Amino acid sequence: MQDNDDINGLDVIKAKLETLRQEHRDLDDVIARLTEKAPFDQLQLQRLKKRKLVLKDLMLQLESRLIPDIIA
């Protein structure tokens, strides 16, 4: 039963990770469009980039949970 719960937990993590990756890609597109036309809102750009960094951190945390602990 424990293995089944572990597999379901991994599926949830993978789904959340894919959602975060999609949002990260979407922010790339938004940032690119925003910076195409001058002048652009520096504050908005800064907020978008900060959100991207937060997403990156969350993705790294989730990815590390998917890697099994290896005892050396």
# chains A, B, ... in the order shown; residues from 1 in each chain; ligands from 1
>>> residues_around(residues="region 26-38 of chain A", least_positions_apart="6", cutoff="9 Å", atoms="only C-alpha atoms", output="VMD selection string")
chain A and resid 44 to 45 48 to 49 51 to 52
>>> residues_around(residues="region 6-18 of chain A", least_positions_apart="4", cutoff="8 Å", atoms="only C-alpha atoms", output="PyMOL selection string")
chain A and resi 2+22+59+62-63+66
>>> write_last_selection(atoms="N, CA and C atoms", output="mmCIF file, in the first residue's frame")
data_model
loop_
_atom_site.group_PDB
_atom_site.id
_atom_site.type_symbol
_atom_site.label_atom_id
_atom_site.label_comp_id
_atom_site.auth_asym_id
_atom_site.auth_seq_id
_atom_site.Cartn_x
_atom_site.Cartn_y
_atom_site.Cartn_z
ATOM 1 N N GLN A 2 1.972 1.190 0.708
ATOM 2 C CA GLN A 2 2.882 2.337 0.782
ATOM 3 C C GLN A 2 3.423 2.696 -0.604
ATOM 4 N N GLN A 22 5.159 25.206 -17.366
ATOM 5 C CA GLN A 22 4.336 25.908 -18.356
ATOM 6 C C GLN A 22 4.214 27.383 -17.998
ATOM 7 N N MET A 59 10.421 24.810 -8.896
ATOM 8 C CA MET A 59 10.687 23.677 -9.778
ATOM 9 C C MET A 59 11.885 22.871 -9.283
ATOM 10 N N LEU A 62 10.839 20.749 -6.311
ATOM 11 C CA LEU A 62 10.048 19.582 -6.705
ATOM 12 C C LEU A 62 10.914 18.545 -7.408
ATOM 13 N N GLU A 63 11.819 19.003 -8.258
ATOM 14 C CA GLU A 63 12.713 18.073 -8.954
ATOM 15 C C GLU A 63 13.579 17.309 -7.955
ATOM 16 N N LEU A 66 11.871 14.368 -6.533
ATOM 17 C CA LEU A 66 11.698 13.237 -7.436
ATOM 18 C C LEU A 66 12.942 12.341 -7.480
#
